[in-house]
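Participant: What follows is the file run-v8.txt, containing compact mmCIF, C-alpha atoms:
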```txt
# COMPACT_ATOMS: atom_id res chain seq x y z
CA MET A 1 37.41 61.31 55.23
CA ILE A 2 37.61 63.30 58.46
CA LEU A 3 34.38 64.30 60.23
CA PHE A 4 34.73 67.70 61.93
CA PRO A 5 32.10 68.45 64.61
CA ALA A 6 31.33 72.16 64.44
CA ILE A 7 31.05 74.52 67.38
CA ASP A 8 29.83 77.93 66.24
CA LEU A 9 30.34 80.58 68.92
CA LYS A 10 28.04 83.55 69.43
CA ASP A 11 28.03 85.61 72.60
CA GLY A 12 29.99 82.89 74.39
CA ASN A 13 27.51 80.11 73.55
CA ALA A 14 27.59 77.16 71.15
CA VAL A 15 24.91 77.96 68.58
CA ARG A 16 23.74 77.19 65.07
CA LEU A 17 22.44 79.66 62.54
CA VAL A 18 20.19 79.10 59.53
CA HIS A 19 21.72 80.28 56.24
CA GLY A 20 24.26 82.29 58.23
CA ASP A 21 21.58 84.64 59.56
CA MET A 22 22.61 85.97 63.00
CA ASN A 23 18.91 86.59 63.72
CA GLN A 24 18.08 82.91 63.25
CA THR A 25 20.09 81.54 66.16
CA THR A 26 19.56 78.41 68.24
CA VAL A 27 21.64 78.07 71.41
CA PHE A 28 22.62 74.43 71.91
CA ASN A 29 25.04 74.75 74.81
CA ASP A 30 26.03 77.61 77.08
CA ASP A 31 29.28 75.78 77.88
CA PRO A 32 31.16 75.34 74.59
CA ALA A 33 34.08 73.58 76.29
CA ALA A 34 31.71 70.95 77.71
CA GLN A 35 30.24 70.50 74.23
CA ALA A 36 33.72 70.08 72.79
CA ARG A 37 34.61 67.49 75.43
CA ALA A 38 31.46 65.54 74.55
CA PHE A 39 32.53 65.44 70.91
CA VAL A 40 36.04 64.33 71.88
CA ASP A 41 34.66 61.66 74.20
CA ALA A 42 32.64 60.33 71.26
CA GLY A 43 35.89 59.84 69.34
CA CYS A 44 36.28 62.80 66.98
CA ALA A 45 39.78 63.39 65.62
CA TRP A 46 39.34 67.14 64.96
CA LEU A 47 37.20 70.08 66.11
CA HIS A 48 35.97 72.92 63.88
CA LEU A 49 35.30 76.25 65.61
CA VAL A 50 33.79 79.46 64.23
CA ASP A 51 33.78 82.82 65.99
CA LEU A 52 30.54 84.16 64.51
CA ASN A 53 30.73 87.52 66.27
CA GLY A 54 34.32 87.79 65.12
CA ALA A 55 33.35 87.19 61.51
CA PHE A 56 31.18 90.29 61.59
CA ALA A 57 33.47 92.38 63.82
CA GLY A 58 36.61 91.59 61.84
CA GLU A 59 38.51 90.64 64.99
CA PRO A 60 38.30 87.85 67.58
CA VAL A 61 35.34 88.21 69.95
CA ASN A 62 34.85 84.75 71.47
CA ALA A 63 38.44 84.24 72.58
CA ALA A 64 37.51 83.01 76.06
CA PRO A 65 35.43 79.99 74.96
CA VAL A 66 37.98 79.11 72.28
CA GLU A 67 40.75 79.12 74.85
CA ALA A 68 38.61 77.01 77.21
CA ILE A 69 38.09 74.46 74.44
CA LEU A 70 41.80 74.35 73.65
CA ALA A 71 42.57 73.78 77.33
CA ALA A 72 39.96 71.05 77.70
CA CYS A 73 40.43 69.08 74.49
CA PRO A 74 43.59 67.35 73.27
CA VAL A 75 42.54 66.93 69.62
CA PRO A 76 43.61 69.16 66.70
CA THR A 77 41.38 72.22 66.37
CA GLN A 78 40.77 74.70 63.56
CA LEU A 79 39.16 78.14 63.91
CA GLY A 80 37.67 80.68 61.56
CA GLY A 81 36.00 84.05 62.06
CA GLY A 82 37.61 87.46 62.48
CA ILE A 83 41.14 86.35 61.61
CA ARG A 84 42.30 89.04 59.23
CA ASP A 85 45.90 89.97 60.06
CA MET A 86 49.21 88.26 60.75
CA ALA A 87 49.26 89.26 64.42
CA THR A 88 45.94 87.51 65.03
CA ILE A 89 47.13 84.42 63.15
CA GLU A 90 50.31 84.27 65.20
CA ARG A 91 48.42 84.80 68.45
CA TRP A 92 45.92 81.99 67.83
CA LEU A 93 48.55 79.50 66.74
CA ALA A 94 50.63 80.37 69.79
CA LYS A 95 47.60 79.61 71.97
CA GLY A 96 47.49 76.07 70.63
CA LEU A 97 45.25 76.11 67.59
CA THR A 98 46.31 73.58 64.98
CA ARG A 99 44.97 75.56 62.05
CA VAL A 100 43.49 78.99 61.33
CA ILE A 101 40.87 79.48 58.62
CA LEU A 102 41.09 82.65 56.54
CA GLY A 103 37.90 83.64 54.75
CA THR A 104 37.27 87.32 54.08
CA VAL A 105 40.97 88.10 53.66
CA ALA A 106 41.27 85.39 51.01
CA VAL A 107 39.25 87.74 48.80
CA GLU A 108 40.33 91.12 50.15
CA ASN A 109 44.00 90.42 50.90
CA PRO A 110 45.18 87.20 49.24
CA ALA A 111 48.80 88.22 49.80
CA LEU A 112 48.21 87.74 53.54
CA VAL A 113 47.07 84.17 52.93
CA ARG A 114 50.25 83.46 51.03
CA GLU A 115 52.43 85.12 53.66
CA ALA A 116 50.75 83.18 56.47
CA ALA A 117 50.98 79.86 54.63
CA ARG A 118 54.72 80.41 54.12
CA ALA A 119 55.23 81.38 57.75
CA PHE A 120 53.12 78.56 59.19
CA PRO A 121 53.25 75.54 56.85
CA GLY A 122 50.29 73.21 57.25
CA GLN A 123 48.50 75.55 59.65
CA VAL A 124 46.57 77.85 57.32
CA ALA A 125 43.32 76.92 55.61
CA VAL A 126 41.07 79.02 53.38
CA GLY A 127 37.33 79.22 53.97
CA LEU A 128 35.35 79.72 50.79
CA ASP A 129 31.71 80.48 51.54
CA ALA A 130 29.43 80.75 48.54
CA ARG A 131 25.95 81.54 47.34
CA ASN A 132 25.27 80.17 43.85
CA GLY A 133 28.97 79.67 43.23
CA ARG A 134 30.03 83.19 44.22
CA VAL A 135 32.12 83.92 47.30
CA ALA A 136 30.51 85.81 50.19
CA THR A 137 32.58 87.63 52.82
CA ARG A 138 32.30 89.43 56.18
CA GLY A 139 30.18 86.83 57.93
CA TRP A 140 28.40 86.06 54.65
CA ALA A 141 26.88 89.54 54.69
CA GLU A 142 28.59 90.68 51.47
CA GLU A 143 28.43 88.81 48.19
CA THR A 144 31.22 89.25 45.65
CA ASP A 145 31.56 88.53 41.94
CA VAL A 146 34.43 86.14 42.64
CA MET A 147 33.76 82.55 41.63
CA VAL A 148 34.71 79.88 44.16
CA THR A 149 36.68 77.73 41.73
CA ASP A 150 38.67 80.70 40.39
CA LEU A 151 39.66 81.80 43.89
CA ALA A 152 40.57 78.26 44.93
CA ARG A 153 42.78 77.80 41.89
CA SER A 154 44.56 81.06 42.64
CA PHE A 155 45.89 79.49 45.85
CA GLU A 156 47.17 76.28 44.26
CA ASP A 157 50.81 77.28 44.72
CA ALA A 158 50.37 78.98 48.11
CA GLY A 159 50.86 75.91 50.30
CA ILE A 160 47.56 76.15 52.16
CA ALA A 161 46.52 73.08 54.15
CA ALA A 162 42.87 72.84 53.10
CA ILE A 163 39.86 74.61 51.64
CA ILE A 164 36.65 74.63 53.67
CA TYR A 165 33.84 75.03 51.16
CA THR A 166 30.47 76.12 52.56
CA ASP A 167 27.29 76.35 50.53
CA ILE A 168 25.53 79.09 52.50
CA LEU A 169 22.09 78.17 51.24
CA ARG A 170 22.51 74.69 52.72
CA ASP A 171 24.08 75.74 56.02
CA GLY A 172 21.99 74.97 59.09
CA ALA A 173 19.01 74.05 56.92
CA MET A 174 19.29 70.25 57.32
CA LYS A 175 18.70 69.80 53.58
CA GLY A 176 21.87 67.93 52.68
CA PRO A 177 25.21 69.20 51.37
CA ASN A 178 25.86 70.38 47.82
CA VAL A 179 27.77 67.22 46.93
CA ASP A 180 28.13 67.98 43.23
CA ALA A 181 29.56 71.48 43.73
CA THR A 182 31.90 70.33 46.49
CA ALA A 183 33.18 67.38 44.49
CA ALA A 184 33.64 69.56 41.41
CA LEU A 185 35.74 72.00 43.45
CA ALA A 186 37.78 69.13 44.89
CA ARG A 187 38.48 67.84 41.39
CA ALA A 188 39.44 71.32 40.16
CA VAL A 189 42.28 71.78 42.67
CA THR A 190 44.95 69.68 44.34
CA ILE A 191 44.28 71.30 47.74
CA PRO A 192 42.25 69.07 50.10
CA VAL A 193 38.61 70.21 50.19
CA ILE A 194 36.38 69.94 53.27
CA ALA A 195 32.60 70.06 52.79
CA SER A 196 30.48 72.31 55.01
CA GLY A 197 26.83 73.29 55.00
CA GLY A 198 23.82 71.00 55.14
CA VAL A 199 25.49 67.77 56.29
CA SER A 200 22.48 66.36 58.09
CA SER A 201 22.49 62.56 57.95
CA MET A 202 24.67 59.49 57.90
CA ALA A 203 23.73 59.10 54.23
CA ASP A 204 25.15 62.56 53.49
CA LEU A 205 28.46 61.59 55.06
CA ILE A 206 28.66 58.33 53.14
CA THR A 207 27.80 60.08 49.87
CA LEU A 208 30.52 62.67 50.43
CA LYS A 209 33.09 60.00 51.22
CA GLN A 210 32.14 57.91 48.22
CA THR A 211 33.00 60.75 45.85
CA GLY A 212 36.58 59.73 46.56
CA VAL A 213 37.79 63.33 46.32
CA ILE A 214 36.41 65.12 49.42
CA ALA A 215 38.86 65.15 52.33
CA GLY A 216 36.49 65.99 55.16
CA ALA A 217 33.02 67.06 56.22
CA ILE A 218 31.84 69.51 58.85
CA SER A 219 28.56 68.95 60.67
CA GLY A 220 26.92 70.97 63.42
CA ARG A 221 23.15 71.08 63.81
CA ALA A 222 22.70 67.41 62.90
CA LEU A 223 25.00 66.40 65.75
CA TYR A 224 23.20 68.64 68.23
CA ASP A 225 19.75 67.52 67.10
CA GLY A 226 20.73 63.85 67.17
CA ALA A 227 20.14 63.34 63.45
CA ILE A 228 23.74 62.08 63.34
CA ASP A 229 25.21 60.05 66.19
CA LEU A 230 28.87 61.07 66.20
CA ALA A 231 30.33 57.79 67.44
CA ALA A 232 28.21 55.79 64.99
CA ALA A 233 29.12 58.13 62.14
CA LEU A 234 32.83 57.81 62.83
CA ALA A 235 32.52 54.03 62.83
CA ALA A 236 30.52 54.04 59.61
CA LEU A 237 33.01 56.29 57.85
CA ALA A 238 35.88 54.05 58.95
CA ALA A 239 34.10 51.06 57.44
CA THR A 240 33.01 52.71 54.18
CA PRO A 241 35.40 52.55 51.22
CA ALA A 242 35.90 55.69 49.16
CA SER A 243 35.40 55.42 45.43
CA ALA A 244 36.79 57.93 42.98
```
Re-express the file's structure as structure tokens.
Facilitator:
Amino acid sequence: MILFPAIDLKDGNAVRLVHGDMNQTTVFNDDPAAQARAFVDAGCAWLHLVDLNGAFAGEPVNAAPVEAILAACPVPTQLGGGIRDMATIERWLAKGLTRVILGTVAVENPALVREAARAFPGQVAVGLDARNGRVATRGWAEETDVMVTDLARSFEDAGIAAIIYTDILRDGAMKGPNVDATAALARAVTIPVIASGGVSSMADLITLKQTGVIAGAISGRALYDGAIDLAAALAALAATPASA
């Protein structure tokens, strides 16, 4: 199981929100590229970036720090937030991103997800963010009647690389991930599922891995707060067998 350190970008800084609320922001580093290098130096194999301003604006806002991270860090990197048209997808991948994450458009324009996945095999993921099982869009500000599992299944034949599943009510709250819901989603589809939201301890990571069906986990606040030591977590995950 891959551990993805998260760098959420707001106004050029690396921050964390609570429950996706832009008014509940903690700035952890005013140099996101330095933060990314610290994660890479600790041994991470991937980076997970989110343009929070972009998610609300519907277009990239924090391009400069993303580009600085890409220039500074040699590991594969995925980005979500404000990516809602083919031109933006093409531009980010051309700048060196390994994978783009499409969230709002997965609900509002699923044909774009399919088109992008065909054009860029292995480089398009879908971000499914949910409250009580229902997908939320536009920076989590709008809740839909679309069920996460139904939307995920609709992309089974699209060739997307992964699904990032975020339980919004767990995100940034340090209360643990929704293991049952994430594992149920992973069992419902053949697409690799990455857990996000609430991953706050080594025990959480081990529990997710031991489901045997979850492909990755994203953690942010716990790494910044020191609740999870990244190097130690990577070593522990390497040593822990998965069990289906």
Participant: Measuring between only C-alpha atoms, which one of A:Asp51, A:Asp229, A:Asp129, A:Asp41 shows the shortest distance to A:Asn13?
Facilitator: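 The closest residue to A:Asn13 is A:Asp51.
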Participant: Tell me which of A:Ala36, A:Ile194, A:Cys44, A:Ile101 sits closest to A:Leu70, counting only C-alpha atoms.
Facilitator: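 Between A:Ala36, A:Ile194, A:Cys44, A:Ile101, the residue approaching A:Leu70 most closely is A:Ala36.
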Participant: Could you please give me, as a list in words, the residues of protein, DNA or RNA lying at most 10 Å from (40.2, 71.5, 67.4) in the coordinate frame of the file, considering only C-alpha atoms?
Facilitator: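 Final list of nearby residues, as requested, is Phe4, Pro5, Ala6, Ile7, Ala36, Val40, Cys44, Ala45, Trp46, Leu47, His48, Leu49, Val66, Ile69, Leu70, Cys73, Pro74, Val75, Pro76, Thr77, Gln78, Leu79, Gly96, Leu97, Thr98 and Arg99 of chain A.
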Participant: Give me, as a tab-separated table, the closest atom pair and its distance (Å, one decimal) for every residue of stretch 203-238 of chain A within a cut-off of 12 Å of stretch 156-167 of chain A, counting all atoms listed in the file, rows sorted by chain and rising number.
Facilitator:
```
residue	atom	partner	partner_atom	distance
A:Ile214	CA	A:Ile163	CA	10.3
A:Ala215	CA	A:Ala162	CA	8.7
A:Gly216	CA	A:Ile164	CA	8.8
A:Ala217	CA	A:Ile164	CA	8.8
A:Ile218	CA	A:Ile164	CA	8.7
A:Ser219	CA	A:Thr166	CA	11.0
```
Participant: Pick the closest to A:Phe28 from A:Leu223, A:Ile89, A:Val199, A:Val100: which is it, counting all atoms listed in the file?
Facilitator: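 Under the stated criterion, the closest residue is A:Leu223.
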Participant: Which residue, A:Thr182, A:Asn109, A:Gln210, A:Thr144, has the smallest gap to A:Gly198 when you use all atoms listed in the file?
Facilitator: A:Thr182
Participant: A:Met1, A:Ala55, A:Gly127, A:Glu67: which is nearest A:Thr207, counting all atoms listed in the file?
Facilitator: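 Closest residue, counting all atoms listed in the file: A:Met1.
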Participant: Just how far from atom CA of A:Ala152 is atom CA of A:Leu128, in Å to one decimal?
Facilitator: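 Calculated distance between atom CA of A:Leu128 and atom CA of A:Ala152 is 8.0 Å.
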Participant: Please measure the separation of atom CA of A:Gly81 and atom CA of A:Gly58, giving the value in Å to one decimal.
Facilitator: 7.6 Å
Participant: What is the atom CA of A:Ala222 to atom CA of A:Arg131 distance in Å?
Facilitator: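 Calculated distance between atom CA of A:Ala222 and atom CA of A:Arg131 is 21.3 Å.
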Participant: Pick from A:Ala203, A:Leu17, A:Ala68, A:Ala63: nearest to A:Pro32, with only C-alpha atoms counted?
Facilitator: A:Ala68
Participant: What's around A:Val107 at 9 Å? Count all atoms listed in the file, leave out sequence neighbours fewer than 4 positions away in its own chain, and write the answer as a VMD selection string.
Facilitator: chain A and resid 103 135 137 144 146 151
Participant: Can you pull out every residue within 12 Å of A:Asp225, counting only C-alpha atoms, but drop anything in the same chain fewer than 6 positions away, and send it as a list in words?
Facilitator: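 With the cut-off at 12 Å, the set is Val15, Arg16, Thr26, Val27, Phe28, Asn29, Gly172, Met174, Ser200, Ser201 and Ser219 of chain A.
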Participant: Using the partial input, fill out stretch 66-80 of chain A with N, CA and C atoms; write the result as a PDB file, in the coordinates of the input.
Facilitator:
```pdb
ATOM      1  N   VAL A  66      37.001  79.835  73.108  1.00  0.00           N
ATOM      2  CA  VAL A  66      37.980  79.110  72.280  1.00  0.00           C
ATOM      3  C   VAL A  66      39.132  78.627  73.143  1.00  0.00           C
ATOM      4  N   GLU A  67      39.638  79.509  73.990  1.00  0.00           N
ATOM      5  CA  GLU A  67      40.750  79.120  74.850  1.00  0.00           C
ATOM      6  C   GLU A  67      40.346  78.019  75.827  1.00  0.00           C
ATOM      7  N   ALA A  68      39.099  78.066  76.314  1.00  0.00           N
ATOM      8  CA  ALA A  68      38.610  77.010  77.210  1.00  0.00           C
ATOM      9  C   ALA A  68      38.549  75.674  76.485  1.00  0.00           C
ATOM     10  N   ILE A  69      38.134  75.690  75.234  1.00  0.00           N
ATOM     11  CA  ILE A  69      38.090  74.460  74.440  1.00  0.00           C
ATOM     12  C   ILE A  69      39.496  73.916  74.220  1.00  0.00           C
ATOM     13  N   LEU A  70      40.426  74.792  73.875  1.00  0.00           N
ATOM     14  CA  LEU A  70      41.800  74.350  73.650  1.00  0.00           C
ATOM     15  C   LEU A  70      42.396  73.736  74.918  1.00  0.00           C
ATOM     16  N   ALA A  71      42.054  74.305  76.063  1.00  0.00           N
ATOM     17  CA  ALA A  71      42.570  73.780  77.330  1.00  0.00           C
ATOM     18  C   ALA A  71      41.952  72.437  77.691  1.00  0.00           C
ATOM     19  N   ALA A  72      40.694  72.241  77.277  1.00  0.00           N
ATOM     20  CA  ALA A  72      39.960  71.050  77.700  1.00  0.00           C
ATOM     21  C   ALA A  72      40.109  69.864  76.756  1.00  0.00           C
ATOM     22  N   CYS A  73      40.500  70.131  75.511  1.00  0.00           N
ATOM     23  CA  CYS A  73      40.430  69.080  74.490  1.00  0.00           C
ATOM     24  C   CYS A  73      41.792  68.863  73.823  1.00  0.00           C
ATOM     25  N   PRO A  74      42.261  67.628  73.794  1.00  0.00           N
ATOM     26  CA  PRO A  74      43.590  67.350  73.270  1.00  0.00           C
ATOM     27  C   PRO A  74      43.647  67.119  71.760  1.00  0.00           C
ATOM     28  N   VAL A  75      42.531  67.237  71.048  1.00  0.00           N
ATOM     29  CA  VAL A  75      42.540  66.930  69.620  1.00  0.00           C
ATOM     30  C   VAL A  75      42.877  68.178  68.800  1.00  0.00           C
ATOM     31  N   PRO A  76      43.352  68.006  67.572  1.00  0.00           N
ATOM     32  CA  PRO A  76      43.610  69.160  66.700  1.00  0.00           C
ATOM     33  C   PRO A  76      42.340  69.986  66.505  1.00  0.00           C
ATOM     34  N   THR A  77      42.523  71.309  66.456  1.00  0.00           N
ATOM     35  CA  THR A  77      41.380  72.220  66.370  1.00  0.00           C
ATOM     36  C   THR A  77      41.663  73.304  65.356  1.00  0.00           C
ATOM     37  N   GLN A  78      40.646  73.600  64.515  1.00  0.00           N
ATOM     38  CA  GLN A  78      40.770  74.700  63.560  1.00  0.00           C
ATOM     39  C   GLN A  78      39.706  75.745  63.874  1.00  0.00           C
ATOM     40  N   LEU A  79      40.035  77.016  63.571  1.00  0.00           N
ATOM     41  CA  LEU A  79      39.160  78.140  63.910  1.00  0.00           C
ATOM     42  C   LEU A  79      39.088  79.133  62.770  1.00  0.00           C
ATOM     43  N   GLY A  80      37.882  79.587  62.486  1.00  0.00           N
ATOM     44  CA  GLY A  80      37.670  80.680  61.560  1.00  0.00           C
ATOM     45  C   GLY A  80      36.809  81.759  62.191  1.00  0.00           C
TER      46      GLY A  80
END
```
